[in-house]
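Here is input-v7.txt, consisting of compact mmCIF, C-alpha atoms:
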# COMPACT_ATOMS: atom_id res chain seq x y z
CA MET A 1353 187.86 -110.27 -17.04
CA ASN A 1354 191.12 -109.18 -15.46
CA PRO A 1355 192.68 -106.33 -17.38
CA ASP A 1356 196.37 -107.32 -17.07
CA PHE A 1357 197.64 -109.04 -20.19
CA SER A 1358 200.69 -110.65 -18.60
CA GLY A 1359 199.72 -114.33 -18.62
CA PRO A 1360 198.27 -116.47 -21.36
CA ASP A 1361 194.96 -116.80 -19.52
CA ALA A 1362 193.94 -113.22 -20.22
CA TRP A 1363 194.80 -113.61 -23.89
CA ILE A 1364 192.80 -116.83 -24.15
CA ASP A 1365 189.89 -115.09 -22.44
CA THR A 1366 190.10 -112.19 -24.86
CA VAL A 1367 190.22 -114.42 -27.92
CA SER A 1368 187.28 -116.51 -26.73
CA ALA A 1369 185.31 -113.34 -25.89
CA VAL A 1370 185.90 -112.08 -29.43
CA PHE A 1371 184.83 -115.47 -30.80
CA MET A 1372 181.65 -115.40 -28.75
CA VAL A 1373 180.67 -111.88 -29.78
CA VAL A 1374 181.41 -112.54 -33.46
CA GLY A 1375 179.54 -115.85 -33.32
CA ALA A 1376 176.55 -114.10 -31.80
CA LEU A 1377 176.75 -111.41 -34.50
CA MET A 1378 176.46 -114.21 -37.09
CA SER A 1379 173.05 -115.03 -35.63
CA LEU A 1380 172.06 -111.38 -35.75
CA GLY A 1381 173.21 -111.21 -39.37
CA ALA A 1382 171.08 -114.23 -40.21
CA ALA A 1383 168.06 -112.63 -38.56
CA VAL A 1384 168.60 -109.36 -40.45
CA GLY A 1385 169.01 -111.33 -43.67
CA LEU A 1386 165.83 -113.25 -42.99
CA LEU A 1387 163.93 -110.02 -42.50
CA ARG A 1388 165.45 -107.98 -45.34
CA PHE A 1389 166.08 -110.37 -48.23
CA PRO A 1390 163.36 -110.64 -50.84
CA ASP A 1391 162.97 -114.34 -51.60
CA LEU A 1392 163.60 -117.82 -50.26
CA LEU A 1393 166.93 -118.56 -51.92
CA SER A 1394 168.61 -115.37 -50.72
CA ARG A 1395 167.20 -115.96 -47.25
CA MET A 1396 168.76 -119.43 -47.32
CA HIS A 1397 172.09 -117.77 -48.04
CA ALA A 1398 171.76 -115.67 -44.90
CA ALA A 1399 170.49 -118.56 -42.78
CA THR A 1400 173.65 -120.65 -43.15
CA LYS A 1401 175.85 -118.20 -41.27
CA PRO A 1402 175.02 -119.11 -37.65
CA GLN A 1403 174.68 -122.76 -38.60
CA VAL A 1404 178.27 -123.20 -39.80
CA LEU A 1405 180.56 -120.26 -39.01
CA GLY A 1406 178.68 -119.13 -35.91
CA LEU A 1407 178.64 -122.62 -34.44
CA PHE A 1408 182.34 -123.02 -35.23
CA LEU A 1409 183.24 -119.81 -33.42
CA LEU A 1410 181.12 -120.64 -30.38
CA LEU A 1411 182.46 -124.20 -30.11
CA ALA A 1412 186.00 -122.81 -30.36
CA ALA A 1413 185.13 -120.40 -27.55
CA ILE A 1414 183.99 -123.35 -25.41
CA GLY A 1415 187.20 -125.21 -26.15
CA LEU A 1416 189.30 -122.17 -25.24
CA GLN A 1417 187.38 -121.54 -22.03
CA MET A 1418 187.47 -125.09 -20.73
CA ARG A 1419 191.32 -125.28 -20.90
CA THR A 1420 191.24 -129.05 -21.41
CA TRP A 1421 192.17 -131.16 -24.40
CA TRP A 1422 189.61 -133.94 -24.13
CA VAL A 1423 186.71 -131.61 -24.92
CA TRP A 1424 188.01 -130.74 -28.39
CA PRO A 1425 187.11 -134.08 -30.07
CA VAL A 1426 183.51 -133.72 -28.89
CA LEU A 1427 183.36 -130.18 -30.28
CA VAL A 1428 184.86 -131.35 -33.56
CA VAL A 1429 182.22 -134.12 -33.72
CA ALA A 1430 179.45 -131.57 -33.18
CA TRP A 1431 180.81 -129.31 -35.92
CA ILE A 1432 181.43 -132.16 -38.38
CA PHE A 1433 177.88 -133.43 -37.96
CA GLN A 1434 176.58 -129.91 -38.47
CA LEU A 1435 178.61 -129.69 -41.68
CA LEU A 1436 177.18 -133.03 -42.81
CA THR A 1437 173.53 -132.34 -42.05
CA VAL A 1438 173.13 -128.66 -42.97
CA PRO A 1439 173.64 -129.25 -46.74
CA VAL A 1440 171.00 -131.99 -46.66
CA SER A 1441 168.31 -129.72 -45.27
CA ALA A 1442 169.45 -126.81 -47.45
CA HIS A 1443 169.25 -129.03 -50.54
CA MET A 1444 165.76 -130.25 -49.69
CA VAL A 1445 164.43 -126.78 -48.82
CA GLY A 1446 166.01 -125.25 -51.92
CA ARG A 1447 164.62 -127.96 -54.19
CA ALA A 1448 161.15 -127.64 -52.71
CA GLY A 1449 161.38 -123.85 -53.03
CA TYR A 1450 162.40 -124.14 -56.67
CA ARG A 1451 159.58 -126.54 -57.46
CA THR A 1452 156.94 -124.48 -55.72
CA LYS A 1453 158.18 -121.32 -57.51
CA HIS A 1454 159.17 -119.47 -54.35
CA LEU A 1455 161.91 -117.51 -56.04
CA HIS A 1456 162.33 -114.28 -57.94
CA ARG A 1457 163.61 -115.30 -61.33
CA GLU A 1458 164.88 -111.83 -62.17
CA LEU A 1459 167.33 -112.05 -59.25
CA LEU A 1460 169.01 -115.22 -60.53
CA THR A 1461 172.26 -114.86 -62.46
CA ALA A 1462 172.30 -118.49 -63.57
CA ASP A 1463 169.66 -121.21 -63.50
CA GLU A 1464 171.28 -124.52 -64.31
CA LEU A 1465 168.25 -126.49 -63.16
CA GLU A 1466 165.98 -124.93 -65.78
CA ALA A 1467 167.48 -126.89 -68.70
CA VAL A 1468 167.33 -130.16 -66.73
CA VAL A 1469 163.71 -129.60 -65.77
CA GLN A 1470 162.71 -128.75 -69.35
CA LYS A 1471 164.52 -131.80 -70.72
CA ALA A 1472 162.80 -134.07 -68.19
CA ALA A 1473 159.42 -132.49 -68.98
CA ALA A 1474 159.98 -132.98 -72.71
CA GLU A 1475 160.90 -136.64 -72.19
CA ALA A 1476 157.83 -137.16 -70.00
CA ALA A 1477 155.60 -135.54 -72.64
CA LEU A 1478 157.14 -137.73 -75.35
CA LYS A 1479 156.54 -140.84 -73.26
CA ASP A 1480 152.94 -139.78 -72.59
CA ASN A 1481 152.30 -139.28 -76.31
CA ARG A 1482 153.75 -142.71 -77.10
CA ASP A 1483 151.57 -144.34 -74.46
CA ASP A 1484 148.48 -142.57 -75.79
CA GLY A 1485 149.23 -143.76 -79.32
CA ARG A 1486 149.62 -147.32 -78.14
CA GLN A 1487 146.28 -147.23 -76.36
CA CYS A 1488 144.40 -145.98 -79.42
CA MET B 835 183.39 -112.23 -19.07
CA HIS B 836 180.00 -111.12 -17.76
CA VAL B 837 180.12 -108.16 -20.12
CA VAL B 838 180.42 -110.67 -22.97
CA LEU B 839 177.48 -112.61 -21.55
CA ALA B 840 175.31 -109.49 -21.46
CA VAL B 841 176.33 -108.40 -24.98
CA THR B 842 175.71 -111.83 -26.49
CA ALA B 843 172.40 -112.13 -24.62
CA VAL B 844 171.21 -108.89 -26.20
CA ILE B 845 172.43 -109.95 -29.65
CA PHE B 846 170.83 -113.40 -29.41
CA SER B 847 167.56 -111.88 -28.19
CA LEU B 848 167.44 -109.54 -31.19
CA ALA B 849 168.32 -112.40 -33.55
CA ALA B 850 165.66 -114.68 -32.06
CA ALA B 851 163.11 -111.86 -32.32
CA GLY B 852 163.97 -111.44 -36.00
CA ALA B 853 163.64 -115.15 -36.67
CA ILE B 854 160.31 -115.28 -34.84
CA ILE B 855 159.04 -112.29 -36.82
CA ARG B 856 159.96 -114.14 -40.00
CA ILE B 857 158.18 -117.26 -38.74
CA ALA B 858 155.07 -115.20 -38.07
CA ARG B 859 155.16 -113.16 -41.30
CA GLY B 860 156.79 -115.58 -43.72
CA PRO B 861 154.86 -115.63 -46.97
CA SER B 862 155.43 -119.33 -47.57
CA LEU B 863 155.82 -122.44 -45.47
CA LEU B 864 159.44 -122.85 -46.56
CA ASP B 865 160.33 -119.39 -45.25
CA ARG B 866 158.92 -120.40 -41.89
CA VAL B 867 160.87 -123.65 -41.91
CA LEU B 868 164.06 -121.78 -42.73
CA ALA B 869 163.42 -119.28 -39.94
CA ALA B 870 162.77 -122.17 -37.54
CA ASP B 871 166.13 -123.65 -38.55
CA VAL B 872 167.80 -120.33 -37.78
CA LEU B 873 165.99 -120.22 -34.45
CA LEU B 874 167.37 -123.68 -33.64
CA ALA B 875 170.87 -122.50 -34.56
CA ILE B 876 170.40 -119.46 -32.29
CA LEU B 877 169.32 -121.78 -29.46
CA GLY B 878 172.40 -123.95 -29.95
CA GLY B 879 174.58 -120.85 -29.98
CA ALA B 880 173.02 -119.63 -26.75
CA LEU B 881 173.72 -123.01 -25.14
CA CYS B 882 177.34 -122.75 -26.30
CA ILE B 883 177.66 -119.24 -24.83
CA ASP B 884 176.25 -120.45 -21.52
CA MET B 885 178.77 -123.29 -21.39
CA ALA B 886 181.70 -121.08 -22.40
CA VAL B 887 180.96 -118.26 -19.95
CA ASN B 888 180.12 -120.42 -16.94
CA ARG B 889 182.74 -123.08 -17.79
CA HIS B 890 180.60 -126.18 -17.56
CA LEU B 891 179.75 -128.88 -20.10
CA ASN B 892 176.21 -129.79 -19.07
CA ASN B 893 174.70 -128.86 -22.43
CA LEU B 894 177.39 -130.32 -24.66
CA MET B 895 175.47 -133.49 -25.49
CA LEU B 896 172.41 -131.37 -26.27
CA VAL B 897 174.43 -129.28 -28.73
CA VAL B 898 175.81 -132.43 -30.37
CA ALA B 899 172.30 -133.89 -30.61
CA ILE B 900 170.95 -130.67 -32.15
CA SER B 901 173.71 -130.69 -34.73
CA ILE B 902 173.04 -134.35 -35.58
CA ILE B 903 169.23 -134.46 -35.78
CA GLY B 904 168.33 -130.81 -36.23
CA PHE B 905 167.99 -131.16 -39.99
CA ILE B 906 165.24 -133.80 -39.89
CA GLY B 907 162.42 -131.34 -39.31
CA SER B 908 163.18 -129.10 -42.26
CA VAL B 909 163.82 -132.11 -44.54
CA THR B 910 160.45 -133.58 -43.58
CA VAL B 911 158.58 -130.33 -44.19
CA ALA B 912 160.40 -129.81 -47.51
CA ARG B 913 159.32 -133.27 -48.68
CA PHE B 914 155.77 -132.54 -47.57
CA VAL B 915 155.64 -129.26 -49.51
CA ALA B 916 157.10 -130.85 -52.63
CA ASP B 917 154.62 -133.72 -52.54
CA ARG B 918 151.62 -131.49 -51.96
CA ARG B 919 152.44 -129.19 -54.85
CA VAL B 920 153.29 -131.96 -57.33
CA LYS B 921 150.08 -133.95 -56.98
CA PRO B 922 147.62 -131.46 -58.56
CA ASN B 923 149.86 -131.18 -61.62
CA GLU B 924 149.92 -134.92 -62.17
CA SER B 925 146.18 -135.48 -61.84
Starting from the file, lay out its structure as structure tokens.
Amino acid sequence: MNPDFSGPDAWIDTVSAVFMVVGALMSLGAAVGLLRFPDLLSRMHAATKPQVLGLFLLLAAIGLQMRTWWVWPVLVVAWIFQLLTVPVSAHMVGRAGYRTKHLHRELLTADELEAVVQKAAAEAALKDNRDDGRQC
Amino acid sequence: MHVVLAVTAVIFSLAAAGAIIRIARGPSLLDRVLAADVLLAILGGALCIDMAVNRHLNNLMLVVAISIIGFIGSVTVARFVADRRVKPNES
């Protein structure tokens, strides 16, 4: 990197270098979170950082380094699809983790799914009892 | 720019090592799946760094493909775990 900050090229290089280092630090933060956090749901919180913000910073660094306009739509497509697909996998993993009891209940501040699950279980039990009565 | 490449290479190596340690140690299957997702994100980030530093776009389609279909693996495993745990309760 040339040290003179006269032209715009050096500034663009500096900004993209900062983006790259910060985007890489997002990955490191996710790894530290994966190793340090106690249960699945808090690890999921840490895991989203390189997937969304880290990828955004690195794609922006690519766009700044290439100095062309036509590459930006492709980068936007990559980021939009990441935004669309990451919640799907996070939803499925979180739901499976909740159902298989891979969470520390004492760490939750609110559990809105608990009431729904209990209501569904009560309705299922009621339906089972009705079916048993009909069979007898 | 090569200083940035070296710094990000070190950071990504440490991050990948952490994710792999979590894959190896993870108490449950879902922890391993989550760590594998993070490892995939780290791989995509490393591809982006390579493209940005060396100013080529050879890997761009690979990054787009990872961002489109990268979620299928974890969704599949999450379904598998949910199904396997539900069945003994129903029987």
Could you list, as a JSON list (two decimals) with C-alpha atoms, keeping the file's coordinate frame, every residue within 9 Å of segment 1412-1420 of chain A, counting only C-alpha atoms and ignoring same-chain residues fewer than 3 positions away?
[["chain", "number", "residue", "atom", "x", "y", "z"],
["A", 1364, "ILE", "CA", 192.80, -116.83, -24.15],
["A", 1365, "ASP", "CA", 189.89, -115.09, -22.44],
["A", 1367, "VAL", "CA", 190.22, -114.42, -27.92],
["A", 1368, "SER", "CA", 187.28, -116.51, -26.73],
["A", 1369, "ALA", "CA", 185.31, -113.34, -25.89],
["A", 1370, "VAL", "CA", 185.90, -112.08, -29.43],
["A", 1371, "PHE", "CA", 184.83, -115.47, -30.80],
["A", 1372, "MET", "CA", 181.65, -115.40, -28.75],
["A", 1407, "LEU", "CA", 178.64, -122.62, -34.44],
["A", 1408, "PHE", "CA", 182.34, -123.02, -35.23],
["A", 1409, "LEU", "CA", 183.24, -119.81, -33.42],
["A", 1423, "VAL", "CA", 186.71, -131.61, -24.92],
["A", 1424, "TRP", "CA", 188.01, -130.74, -28.39],
["A", 1427, "LEU", "CA", 183.36, -130.18, -30.28],
["B", 882, "CYS", "CA", 177.34, -122.75, -26.30],
["B", 883, "ILE", "CA", 177.66, -119.24, -24.83],
["B", 885, "MET", "CA", 178.77, -123.29, -21.39],
["B", 886, "ALA", "CA", 181.70, -121.08, -22.40],
["B", 887, "VAL", "CA", 180.96, -118.26, -19.95],
["B", 888, "ASN", "CA", 180.12, -120.42, -16.94],
["B", 889, "ARG", "CA", 182.74, -123.08, -17.79],
["B", 890, "HIS", "CA", 180.60, -126.18, -17.56],
["B", 891, "LEU", "CA", 179.75, -128.88, -20.10]]
Within 7 Å of chain A: residues of chain B, using only C-alpha atoms, as a PyMOL selection string: chain B and resi 835+838+842+845-846+848-849+852-853+856+864-865+868+872+875-876+879+882-883+885-886+889+898+901-902+905+908-909+912+915-916+919
Q) What is the distance between atom CA of Ala1362 of chain A and atom CA of Leu877 of chain B, in Å to one decimal? A)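 These two atoms are separated by 27.7 Å.
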Computed gap from atom CA of Arg866 of chain B to atom CA of Leu1465 of chain A is 24.0 Å
* Asked: Between B:Val911, B:Ala880, B:Leu896, B:Ile903, which one has atoms that come closest to Ala850 of chain B, using all atoms listed in the file?
  ->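 Checking each candidate against Ala850 of chain B, we get B:Ala880 as the closest.
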Please write out, as AutoDock Vina command-line options, where the centre of an axis-aligned box around all listed atoms of segment 882-891 of chain B lies and how long its edges are, in Å to one decimal, after adding 4 Å on each side.
--center_x 179.5 --center_y -123.6 --center_z -21.6 --size_x 14.5 --size_y 18.6 --size_z 17.4
